[in-house]
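Below is coords-v1.csv, holding CSV, C-alpha atoms.
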chain,number,residue,atom,x,y,z
A,1,MET,CA,-16.4,-2.1,-14.2
A,2,LYS,CA,-14.9,0.1,-16.9
A,3,VAL,CA,-12.4,2.6,-15.4
A,4,LEU,CA,-10.7,5.4,-17.2
A,5,PHE,CA,-7.3,6.5,-15.7
A,6,LEU,CA,-6.7,10.2,-16.5
A,7,THR,CA,-3.3,11.5,-15.6
A,8,ASN,CA,-0.7,14.1,-16.6
A,9,TRP,CA,2.1,11.9,-15.1
A,10,TYR,CA,2.8,8.6,-16.8
A,11,PRO,CA,5.8,6.6,-18.2
A,12,SER,CA,6.6,7.1,-21.8
A,13,ARG,CA,9.2,6.0,-24.3
A,14,ASP,CA,11.2,9.1,-23.6
A,15,MET,CA,10.7,9.0,-19.9
A,16,PRO,CA,10.2,5.3,-18.9
A,17,ALA,CA,10.7,5.8,-15.2
A,18,ARG,CA,8.3,8.7,-14.8
A,19,ALA,CA,5.4,8.0,-12.4
A,20,VAL,CA,5.7,4.2,-12.9
A,21,TRP,CA,3.5,3.9,-9.8
A,22,VAL,CA,0.5,5.2,-11.8
A,23,ARG,CA,0.9,2.4,-14.4
A,24,GLU,CA,1.2,-0.1,-11.5
A,25,HIS,CA,-2.1,1.1,-10.1
A,26,ALA,CA,-3.6,0.6,-13.6
A,27,LYS,CA,-2.2,-2.9,-13.9
A,28,ALA,CA,-3.6,-3.8,-10.4
A,29,VAL,CA,-7.1,-2.5,-11.4
A,30,ARG,CA,-6.9,-4.6,-14.6
A,31,ARG,CA,-7.2,-7.7,-12.5
A,32,LEU,CA,-10.8,-7.1,-11.6
A,33,ASP,CA,-12.0,-4.3,-13.9
A,34,GLU,CA,-11.4,-3.1,-17.5
A,35,VAL,CA,-9.1,-0.1,-17.5
A,36,VAL,CA,-7.9,2.4,-20.2
A,37,VAL,CA,-5.3,5.1,-19.5
A,38,LEU,CA,-5.5,8.6,-21.0
A,39,HIS,CA,-2.2,10.3,-20.6
A,40,THR,CA,-2.5,14.0,-21.2
A,41,ALA,CA,1.1,14.6,-22.2
A,42,GLY,CA,0.9,18.4,-22.6
A,43,SER,CA,1.8,20.8,-25.3
A,44,ASP,CA,3.7,20.1,-28.5
A,45,ARG,CA,5.0,23.0,-30.6
A,46,ARG,CA,5.6,20.7,-33.5
A,47,LEU,CA,1.8,20.0,-34.0
A,48,THR,CA,0.2,21.3,-37.1
A,49,THR,CA,-3.2,20.4,-35.8
A,50,ARG,CA,-4.9,21.8,-32.6
A,51,TRP,CA,-4.6,18.5,-30.8
A,52,LYS,CA,-3.5,14.9,-31.4
A,53,VAL,CA,-4.3,11.6,-29.7
A,54,GLU,CA,-2.7,8.2,-30.4
A,55,GLU,CA,-2.7,4.8,-28.8
A,56,GLU,CA,0.5,3.6,-27.4
A,57,SER,CA,1.8,0.8,-29.7
A,58,GLU,CA,5.1,-0.1,-27.8
A,59,VAL,CA,4.5,-3.1,-25.6
A,60,SER,CA,7.1,-2.1,-23.1
A,61,ALA,CA,5.4,1.3,-22.6
A,62,ALA,CA,1.8,0.0,-22.3
A,63,GLU,CA,2.6,-3.2,-20.3
A,64,GLY,CA,-0.8,-4.7,-21.2
A,65,VAL,CA,-2.9,-1.6,-20.4
A,66,PRO,CA,-4.6,0.1,-23.3
A,67,THR,CA,-3.0,3.6,-23.3
A,68,TYR,CA,-3.8,6.7,-25.2
A,69,ARG,CA,-1.6,9.9,-25.2
A,70,ALA,CA,-3.0,13.3,-26.0
A,71,TRP,CA,-1.1,16.5,-26.9
A,72,TYR,CA,-2.3,20.0,-27.8
A,73,ARG,CA,-0.7,22.8,-29.8
A,74,GLU,CA,0.7,25.6,-27.6
A,75,PRO,CA,-1.5,28.6,-28.1
A,76,ALA,CA,0.0,32.0,-28.9
A,77,ALA,CA,-1.5,33.5,-25.7
A,78,ARG,CA,-0.1,31.5,-22.6
A,79,ARG,CA,-3.2,32.4,-20.6
A,80,ALA,CA,-5.2,30.2,-23.0
A,81,SER,CA,-3.1,27.1,-22.3
A,82,TYR,CA,-5.4,25.7,-19.6
A,83,VAL,CA,-8.5,26.1,-21.7
A,84,ILE,CA,-6.8,24.4,-24.7
A,85,TYR,CA,-5.6,21.6,-22.3
A,86,LEU,CA,-9.2,21.1,-21.1
A,87,TRP,CA,-10.6,21.2,-24.7
A,88,SER,CA,-8.0,18.7,-26.0
A,89,THR,CA,-8.7,16.3,-23.1
A,90,LEU,CA,-12.4,16.3,-23.8
A,91,ALA,CA,-11.6,15.7,-27.5
A,92,ALA,CA,-9.3,12.8,-26.6
A,93,PHE,CA,-12.1,11.4,-24.4
A,94,ARG,CA,-14.5,11.5,-27.3
A,95,HIS,CA,-11.9,9.7,-29.4
A,96,ILE,CA,-11.6,6.9,-26.8
A,97,SER,CA,-15.4,6.7,-26.6
A,98,ARG,CA,-15.6,6.2,-30.4
A,99,GLN,CA,-13.4,3.2,-29.9
A,100,GLY,CA,-16.2,1.7,-27.8
A,101,PHE,CA,-14.9,2.5,-24.2
A,102,SER,CA,-17.5,4.2,-22.0
A,103,PRO,CA,-16.2,4.4,-18.4
A,104,ASP,CA,-18.2,3.7,-15.3
A,105,VAL,CA,-15.6,5.6,-13.2
A,106,ILE,CA,-13.0,8.2,-14.0
A,107,HIS,CA,-9.9,7.7,-11.9
A,108,VAL,CA,-7.7,10.8,-11.9
A,109,HIS,CA,-4.1,10.6,-10.7
A,110,VAL,CA,-2.8,13.7,-9.1
A,111,TYR,CA,-4.9,16.8,-8.5
A,112,ASP,CA,-3.6,18.8,-11.5
A,113,ALA,CA,-5.6,16.5,-13.8
A,114,GLY,CA,-8.7,17.0,-11.6
A,115,GLY,CA,-10.1,19.8,-13.7
A,116,PRO,CA,-10.8,17.9,-16.9
A,117,GLY,CA,-11.6,14.7,-14.9
A,118,LEU,CA,-14.4,16.5,-12.9
A,119,LEU,CA,-15.7,18.2,-16.1
A,120,LEU,CA,-15.9,14.8,-17.8
A,121,GLY,CA,-17.6,13.3,-14.8
A,122,LYS,CA,-20.2,16.0,-14.7
A,123,LEU,CA,-20.9,15.9,-18.5
A,124,HIS,CA,-21.2,12.1,-18.5
A,125,ARG,CA,-22.7,11.5,-15.1
A,126,VAL,CA,-19.7,9.4,-14.0
A,127,PRO,CA,-18.2,9.3,-10.5
A,128,VAL,CA,-14.6,10.7,-10.2
A,129,VAL,CA,-11.9,9.3,-7.9
A,130,VAL,CA,-8.6,11.2,-7.4
A,131,SER,CA,-5.4,9.4,-6.2
A,132,GLU,CA,-2.8,11.7,-4.8
A,133,HIS,CA,0.9,11.2,-4.7
A,134,PHE,CA,2.4,14.7,-4.7
A,135,SER,CA,5.1,15.4,-2.1
A,136,SER,CA,4.6,19.2,-2.2
A,137,PHE,CA,1.7,18.8,0.3
A,138,LEU,CA,4.1,17.3,2.8
A,139,ARG,CA,6.7,20.0,2.1
A,140,ARG,CA,4.0,22.7,2.2
A,141,SER,CA,5.3,24.1,-1.0
A,142,LEU,CA,2.2,24.4,-3.1
A,143,GLY,CA,1.8,27.7,-5.0
A,144,ARG,CA,-1.5,29.6,-4.9
A,145,LEU,CA,-2.7,28.4,-8.3
A,146,ASP,CA,-1.9,24.7,-7.5
A,147,LEU,CA,-3.6,25.0,-4.1
A,148,CYS,CA,-6.8,26.3,-5.9
A,149,LYS,CA,-6.7,23.4,-8.3
A,150,ALA,CA,-6.2,20.9,-5.4
A,151,ARG,CA,-9.0,22.4,-3.3
A,152,ALA,CA,-11.4,22.2,-6.3
A,153,ALA,CA,-10.4,18.6,-7.3
A,154,PHE,CA,-10.6,17.2,-3.7
A,155,ARG,CA,-13.8,19.0,-2.8
A,156,TRP,CA,-15.8,17.8,-5.8
A,157,ALA,CA,-14.3,14.3,-6.2
A,158,ASP,CA,-16.4,11.4,-5.0
A,159,ARG,CA,-13.3,9.9,-3.3
A,160,VAL,CA,-9.8,11.1,-2.7
A,161,LEU,CA,-7.2,8.4,-2.3
A,162,PRO,CA,-3.8,9.6,-0.8
A,163,VAL,CA,-1.1,6.9,-0.9
A,164,SER,CA,-0.4,7.3,2.9
A,165,TYR,CA,-1.9,8.7,6.1
A,166,SER,CA,1.0,11.2,6.2
A,167,LEU,CA,-0.1,12.6,2.9
A,168,LYS,CA,-3.8,12.7,4.0
A,169,ARG,CA,-2.8,14.7,7.1
A,170,ALA,CA,-0.7,17.0,5.0
A,171,ILE,CA,-3.6,17.7,2.7
A,172,GLU,CA,-5.9,18.3,5.6
A,173,GLY,CA,-3.2,20.7,7.0
A,174,TYR,CA,-4.1,23.0,4.1
A,175,GLY,CA,-7.6,23.2,5.5
A,176,ILE,CA,-8.9,20.9,2.7
A,177,ALA,CA,-11.8,18.5,3.5
A,178,ALA,CA,-12.6,15.6,1.3
A,179,ARG,CA,-14.0,12.0,1.3
A,180,PHE,CA,-10.6,10.4,2.0
A,181,GLU,CA,-9.6,6.8,1.8
A,182,VAL,CA,-5.9,5.8,1.9
A,183,VAL,CA,-4.8,3.3,-0.8
A,184,PRO,CA,-1.1,2.6,-1.1
A,185,ASN,CA,1.1,2.2,-4.1
A,186,VAL,CA,1.6,-1.2,-5.8
A,187,VAL,CA,4.6,-3.5,-5.8
A,188,ASP,CA,4.8,-6.2,-8.4
A,189,PRO,CA,6.0,-9.4,-6.7
A,190,ALA,CA,6.6,-11.0,-10.0
A,191,VAL,CA,9.4,-8.5,-10.6
A,192,PHE,CA,10.6,-7.9,-7.1
A,193,PHE,CA,11.4,-11.1,-5.2
A,194,PRO,CA,14.2,-12.5,-3.1
A,195,THR,CA,17.2,-14.3,-4.6
A,196,ALA,CA,17.3,-18.1,-4.2
A,197,ASP,CA,21.0,-18.0,-3.8
A,198,ALA,CA,22.6,-17.7,-0.3
A,199,LEU,CA,24.4,-14.4,0.1
A,200,VAL,CA,28.2,-14.7,0.7
A,201,GLU,CA,28.9,-13.6,4.3
A,202,THR,CA,32.6,-12.7,3.7
A,203,ARG,CA,32.0,-10.1,1.0
A,204,PRO,CA,31.3,-6.4,1.8
A,205,LYS,CA,27.7,-5.7,2.6
A,206,ARG,CA,25.8,-4.1,-0.3
A,207,LEU,CA,23.9,-0.9,0.6
A,208,LEU,CA,21.4,0.4,-2.0
A,209,PHE,CA,19.6,3.6,-2.7
A,210,VAL,CA,17.1,4.0,-5.6
A,211,GLY,CA,15.4,7.2,-6.4
A,212,GLN,CA,15.7,10.6,-8.1
A,213,LEU,CA,18.9,12.5,-7.3
A,214,THR,CA,17.3,15.6,-5.9
A,215,PRO,CA,17.8,17.5,-2.6
A,216,VAL,CA,14.7,16.1,-1.0
A,217,LYS,CA,16.2,12.6,-1.1
A,218,GLY,CA,18.7,13.6,1.6
A,219,LEU,CA,21.7,11.9,0.1
A,220,PRO,CA,24.3,14.4,1.5
A,221,TYR,CA,23.2,13.2,5.0
A,222,LEU,CA,23.7,9.6,3.9
A,223,PHE,CA,27.2,10.4,2.5
A,224,GLU,CA,28.2,12.2,5.7
A,225,ALA,CA,27.0,9.2,7.7
A,226,LEU,CA,28.9,6.8,5.5
A,227,SER,CA,32.0,9.0,5.9
A,228,LYS,CA,31.7,8.6,9.7
A,229,LEU,CA,30.9,4.9,9.3
A,230,GLY,CA,34.0,4.4,7.2
A,231,ARG,CA,36.3,5.4,10.1
A,232,THR,CA,35.4,2.3,12.1
A,233,ARG,CA,34.4,-0.3,9.5
A,234,THR,CA,35.0,-1.0,5.8
A,235,ASP,CA,32.6,-4.0,5.3
A,236,TRP,CA,30.2,-2.1,3.0
A,237,ARG,CA,29.7,-0.6,-0.4
A,238,LEU,CA,26.8,1.7,-1.6
A,239,ASP,CA,25.1,1.5,-5.0
A,240,VAL,CA,23.2,4.6,-6.0
A,241,VAL,CA,20.6,4.1,-8.8
A,242,GLY,CA,18.9,7.1,-10.4
A,243,ASP,CA,19.6,10.5,-11.9
A,244,GLY,CA,18.7,14.1,-11.4
A,245,GLU,CA,19.8,17.6,-10.8
A,246,ALA,CA,21.9,16.8,-7.8
A,247,ARG,CA,24.0,14.1,-9.3
A,248,PRO,CA,27.1,16.2,-10.2
A,249,ASP,CA,27.2,17.7,-6.7
A,250,LEU,CA,26.8,14.3,-5.1
A,251,GLU,CA,29.6,12.8,-7.2
A,252,HIS,CA,31.9,15.7,-6.0
A,253,LEU,CA,30.8,15.2,-2.4
A,254,ALA,CA,31.5,11.5,-2.5
A,255,ILE,CA,35.1,12.2,-3.7
A,256,GLY,CA,35.5,15.0,-1.2
A,257,LEU,CA,34.5,12.6,1.6
A,258,ASN,CA,37.0,10.0,0.3
A,259,LEU,CA,34.0,7.7,-0.6
A,260,GLY,CA,34.8,7.5,-4.3
A,261,ASP,CA,35.9,3.9,-4.2
A,262,ARG,CA,32.9,2.9,-2.0
A,263,ILE,CA,30.0,4.5,-3.8
A,264,THR,CA,29.0,3.5,-7.3
A,265,PHE,CA,26.6,5.8,-9.3
A,266,HIS,CA,24.7,3.6,-11.8
A,267,GLY,CA,22.4,6.2,-13.3
A,268,VAL,CA,18.9,5.2,-14.4
A,269,LYS,CA,18.2,1.5,-14.6
A,270,GLY,CA,15.3,-0.5,-15.9
A,271,ARG,CA,12.9,-2.1,-13.4
A,272,HIS,CA,14.4,-5.6,-13.9
A,273,ASP,CA,17.9,-4.3,-13.4
A,274,VAL,CA,16.8,-2.5,-10.3
A,275,ALA,CA,15.0,-5.6,-9.0
A,276,GLU,CA,18.3,-7.6,-9.5
A,277,LEU,CA,20.2,-5.0,-7.5
A,278,MET,CA,17.6,-5.2,-4.7
A,279,ARG,CA,17.9,-9.0,-4.6
A,280,ARG,CA,21.7,-8.7,-4.2
A,281,ALA,CA,21.5,-5.9,-1.6
A,282,ASP,CA,21.9,-6.5,2.1
A,283,LEU,CA,20.3,-3.3,3.1
A,284,PHE,CA,18.1,-0.7,1.3
A,285,VAL,CA,18.7,2.9,2.6
A,286,LEU,CA,16.3,5.7,2.3
A,287,PRO,CA,17.6,9.0,3.7
A,288,SER,CA,14.8,11.2,2.4
A,289,LEU,CA,13.6,14.5,3.9
A,290,CYS,CA,10.1,13.9,2.6
A,291,GLU,CA,8.2,11.0,1.1
A,292,THR,CA,4.5,10.4,0.4
A,293,PHE,CA,5.1,6.7,0.2
A,294,SER,CA,8.4,5.5,-1.3
A,295,ALA,CA,7.7,2.8,-3.9
A,296,PRO,CA,11.4,1.8,-4.0
A,297,ALA,CA,11.4,1.0,-0.2
A,298,ALA,CA,8.3,-1.2,-0.7
A,299,GLU,CA,9.9,-2.9,-3.7
A,300,ALA,CA,13.0,-3.6,-1.6
A,301,LEU,CA,10.8,-5.3,1.0
A,302,ALA,CA,9.1,-7.4,-1.7
A,303,SER,CA,12.7,-8.4,-2.7
A,304,GLY,CA,13.3,-9.6,0.9
A,305,THR,CA,15.7,-6.8,1.7
A,306,PRO,CA,15.5,-4.9,5.0
A,307,VAL,CA,15.1,-1.1,4.9
A,308,LEU,CA,16.7,1.6,6.9
A,309,ALA,CA,14.6,4.7,6.4
A,310,THR,CA,14.2,8.2,7.9
A,311,ARG,CA,11.0,9.4,9.5
A,312,CYS,CA,10.0,11.4,6.5
A,313,GLY,CA,6.3,10.6,6.0
A,314,GLY,CA,4.9,7.6,4.2
A,315,PRO,CA,7.7,5.1,5.0
A,316,GLU,CA,6.9,5.5,8.8
A,317,GLU,CA,3.6,3.7,8.2
A,318,PHE,CA,5.1,0.4,6.9
A,319,ILE,CA,8.8,0.2,8.0
A,320,VAL,CA,8.4,-1.7,11.3
A,321,ASP,CA,10.9,-3.5,13.4
A,322,GLU,CA,10.2,-6.8,11.6
A,323,VAL,CA,11.4,-5.4,8.3
A,324,GLY,CA,13.8,-2.6,9.1
A,325,SER,CA,14.4,0.5,11.2
A,326,LEU,CA,13.6,4.2,11.3
A,327,VAL,CA,15.9,7.1,12.2
A,328,PRO,CA,15.2,10.9,12.3
A,329,ALA,CA,15.4,12.8,9.0
A,330,ALA,CA,18.2,15.3,8.2
A,331,ASP,CA,20.4,13.7,10.9
A,332,ALA,CA,23.7,12.2,9.7
A,333,ALA,CA,24.7,11.0,13.2
A,334,ALA,CA,21.4,9.1,13.6
A,335,LEU,CA,22.0,7.6,10.1
A,336,THR,CA,25.5,6.5,11.2
A,337,ARG,CA,24.1,4.8,14.3
A,338,GLY,CA,21.3,3.2,12.3
A,339,LEU,CA,23.8,1.8,9.7
A,340,HIS,CA,26.0,0.4,12.5
A,341,HIS,CA,23.0,-1.3,14.1
A,342,MET,CA,21.5,-2.7,10.9
A,343,LEU,CA,24.8,-4.0,9.6
A,344,ASP,CA,25.5,-5.7,12.9
A,345,THR,CA,22.1,-7.3,13.1
A,346,LEU,CA,21.3,-8.3,9.5
A,347,ASP,CA,21.1,-12.0,10.5
A,348,ARG,CA,17.9,-11.3,12.5
A,349,TYR,CA,15.9,-10.5,9.4
A,350,SER,CA,14.1,-13.2,7.4
A,351,ARG,CA,13.9,-12.4,3.7
A,352,VAL,CA,10.9,-14.7,3.4
A,353,ARG,CA,9.0,-12.9,6.1
A,354,ILE,CA,10.0,-9.5,4.8
A,355,ARG,CA,8.6,-10.4,1.4
A,356,GLN,CA,5.4,-11.9,2.8
A,357,TYR,CA,4.9,-8.6,4.8
A,358,ALA,CA,5.2,-6.6,1.6
A,359,VAL,CA,3.0,-8.8,-0.6
A,360,GLU,CA,0.2,-8.8,2.0
A,361,ARG,CA,0.1,-5.0,1.8
A,362,PHE,CA,1.2,-3.9,-1.6
A,363,SER,CA,0.6,-6.7,-4.1
A,364,PRO,CA,-1.6,-6.0,-7.2
A,365,GLU,CA,-4.2,-8.4,-5.9
A,366,VAL,CA,-4.5,-6.5,-2.6
A,367,VAL,CA,-4.5,-3.0,-4.0
A,368,GLY,CA,-6.6,-3.9,-7.0
A,369,ALA,CA,-9.3,-5.4,-4.7
A,370,ARG,CA,-9.3,-2.2,-2.6
A,371,LEU,CA,-9.7,0.0,-5.6
A,372,HIS,CA,-12.4,-2.2,-7.0
A,373,ALA,CA,-14.3,-1.9,-3.7
A,374,VAL,CA,-14.0,1.9,-4.0
A,375,TYR,CA,-15.4,1.9,-7.5
A,376,GLU,CA,-18.3,-0.4,-6.5
A,377,SER,CA,-19.2,1.7,-3.5
A,378,LEU,CA,-19.8,4.6,-5.9
A,379,GLY,CA,-21.6,2.8,-8.7
A,380,ARG,CA,-22.9,4.7,-11.6
A,381,ARG,CA,-24.9,7.9,-11.0

As structure tokens - that is how I would like this structure written.
Amino acid sequence: MKVLFLTNWYPSRDMPARAVWVREHAKAVRRLDEVVVLHTAGSDRRLTTRWKVEEESEVSAAEGVPTYRAWYREPAARRASYVIYLWSTLAAFRHISRQGFSPDVIHVHVYDAGGPGLLLGKLHRVPVVVSEHFSSFLRRSLGRLDLCKARAAFRWADRVLPVSYSLKRAIEGYGIAARFEVVPNVVDPAVFFPTADALVETRPKRLLFVGQLTPVKGLPYLFEALSKLGRTRTDWRLDVVGDGEARPDLEHLAIGLNLGDRITFHGVKGRHDVAELMRRADLFVLPSLCETFSAPAAEALASGTPVLATRCGGPEEFIVDEVGSLVPAADAAALTRGLHHMLDTLDRYSRVRIRQYAVERFSPEVVGARLHAVYESLGRR
């Protein structure tokens, strides 16, 4: 089938780490179907025309998926922005159609692209699927306008695909009914895989966190837990990968807790560098307060690395005793106990079995087949 991905969130040359999981879904779909991505990239004040669409030419940004990006000129009246956004998306769709691509399904990623997606579906008699990833549902922090957009997108979509049951329940908690089917995020086992080298038992254990450095990730609780852990054992180091608004405060907190020589802030890393760090890690730690899924936790599992995570939503559905452990969120003492336990029992985990567990659930073949089944169940109107 021919599938058009329509999304406001997507990696770009300027923001290569943004919403990578949308591109991974597109690559998974590509295994059984023909897929094109339309990234509605927003307004651009530099435009001299009303709108612009161009095909992504950089191989590293497209990763084998035909990708078009559309921008529109910011109108003088802000209230007209949404109308211009809709109009430019329809214009970009016509441009793609003239290239010979006529979709059988429109697959929207995140409710805020639902408006143009549903309009296109209605105009062209094409079914519309919406994948949802947004953590604001779990945090119950949606504003009134966004809630209206979400209600409309989910009500009129032919299928709504949250990435976890926790997210599905959170959406339903707003009183929203839809034709739900949970489909998880994708992990690429060709990138994330265990090391063939034996880990050296005498070295300090490597702990790893990967994610945005924002308050919702709960890193102050992890640092407090590590401060307590450091009073009784010194056989560990923590690597922090990512960047964000909380980084300066976190760096000061690490120094204030005398953890400056035990925590390394790496900033943003490319996927292959992250994968190498995951291979070399002994334990992946996710101290989040809220997660719809956590692609980094799933990638750690595909790398054969056990995971210590908080009960924060999506991770509760796939972090089981065979591959890791769960502790309460926002509880430094519980994290300390969890770290002690995991560090003392790392030898009970099999990297081969952990990887197999992840591949059976999150590989492109598995997720791509599930999405293909959704598309086929809808057919063409």

Nearest to Val307 (chain A) by atom-to-atom distance, counting all atoms listed in the file, from A:Ile255, A:Ala80, A:Val210, A:Leu371: A:Val210

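The residue that comes closest to Arg18 (chain A), out of A:Asp243, A:Asp261, A:Glu56, A:Glu132 and on the basis of only C-alpha atoms, is A:Asp243.
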
Can you pull out the residues contacting Arg140 (chain A)? Cut-off 8 Å, using only C-alpha atoms, and skip same-chain residues under 3 positions away; I want them as a ChimeraX atom specification. /A:136-137,170

Name all residues at most 6 Å from region 98-111 of chain A (count all atoms listed in the file; drop same-chain ones fewer than 6 positions away) and give them as a PDB file with C-alpha atoms, keeping the file's coordinate frame.
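The result, stored in out_11.pdb:
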ATOM      1  CA  LYS A   2     -14.900   0.100 -16.900  1.00  0.00           C
ATOM      2  CA  VAL A   3     -12.400   2.600 -15.400  1.00  0.00           C
ATOM      3  CA  LEU A   4     -10.700   5.400 -17.200  1.00  0.00           C
ATOM      4  CA  PHE A   5      -7.300   6.500 -15.700  1.00  0.00           C
ATOM      5  CA  LEU A   6      -6.700  10.200 -16.500  1.00  0.00           C
ATOM      6  CA  THR A   7      -3.300  11.500 -15.600  1.00  0.00           C
ATOM      7  CA  VAL A 126     -19.700   9.400 -14.000  1.00  0.00           C
ATOM      8  CA  PRO A 127     -18.200   9.300 -10.500  1.00  0.00           C
ATOM      9  CA  VAL A 128     -14.600  10.700 -10.200  1.00  0.00           C
ATOM     10  CA  VAL A 129     -11.900   9.300  -7.900  1.00  0.00           C
ATOM     11  CA  VAL A 130      -8.600  11.200  -7.400  1.00  0.00           C
ATOM     12  CA  SER A 131      -5.400   9.400  -6.200  1.00  0.00           C
ATOM     13  CA  GLU A 132      -2.800  11.700  -4.800  1.00  0.00           C
ATOM     14  CA  ALA A 150      -6.200  20.900  -5.400  1.00  0.00           C
ATOM     15  CA  ALA A 153     -10.400  18.600  -7.300  1.00  0.00           C
TER      16      ALA A 153
END

Residues of region 220-245 of chain A at most 10 Å from region 275-282 of chain A: nearest atom pair and distance in Å, only C-alpha atoms, as a Markdown table:
| residue | atom | partner | partner_atom | distance |
| --- | --- | --- | --- | --- |
| A:Trp236 | CA | A:Asp282 | CA | 9.4 |
| A:Arg237 | CA | A:Ala281 | CA | 9.8 |
| A:Leu238 | CA | A:Ala281 | CA | 9.3 |
| A:Asp239 | CA | A:Leu277 | CA | 8.5 |
| A:Val241 | CA | A:Leu277 | CA | 9.2 |

Give me the residues of region 154-203 of chain A that have any atom at most 12 Å from an atom of region 19-30 of chain A; for each, the nearest atom pair and the distance in Å, rounded to one decimal. Use all atoms listed in the file, sort by chain and number, and format it as JSON lines.
{"residue": "A:Leu161", "atom": "CA", "partner": "A:His25", "partner_atom": "CA", "distance": 11.8}
{"residue": "A:Val163", "atom": "CA", "partner": "A:Trp21", "partner_atom": "CA", "distance": 10.5}
{"residue": "A:Val183", "atom": "CA", "partner": "A:His25", "partner_atom": "CA", "distance": 9.9}
{"residue": "A:Pro184", "atom": "CA", "partner": "A:His25", "partner_atom": "CA", "distance": 9.2}
{"residue": "A:Asn185", "atom": "CA", "partner": "A:Trp21", "partner_atom": "CA", "distance": 6.4}
{"residue": "A:Val186", "atom": "CA", "partner": "A:Glu24", "partner_atom": "CA", "distance": 5.8}
{"residue": "A:Val187", "atom": "CA", "partner": "A:Glu24", "partner_atom": "CA", "distance": 7.5}
{"residue": "A:Asp188", "atom": "CA", "partner": "A:Glu24", "partner_atom": "CA", "distance": 7.7}
{"residue": "A:Pro189", "atom": "CA", "partner": "A:Glu24", "partner_atom": "CA", "distance": 11.5}
{"residue": "A:Val191", "atom": "CA", "partner": "A:Glu24", "partner_atom": "CA", "distance": 11.8}

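Between CA of Tyr349 (chain A) and CA of Asp321 (chain A) the interatomic distance comes to 9.5 Å.
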
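Near Phe154 (chain A), within 8 Å and counting all atoms listed in the file, sit Tyr111, Val130, Val160, Ile176, Ala177, Ala178 and Arg179 of chain A; same-chain residues fewer than 6 positions away were not included.
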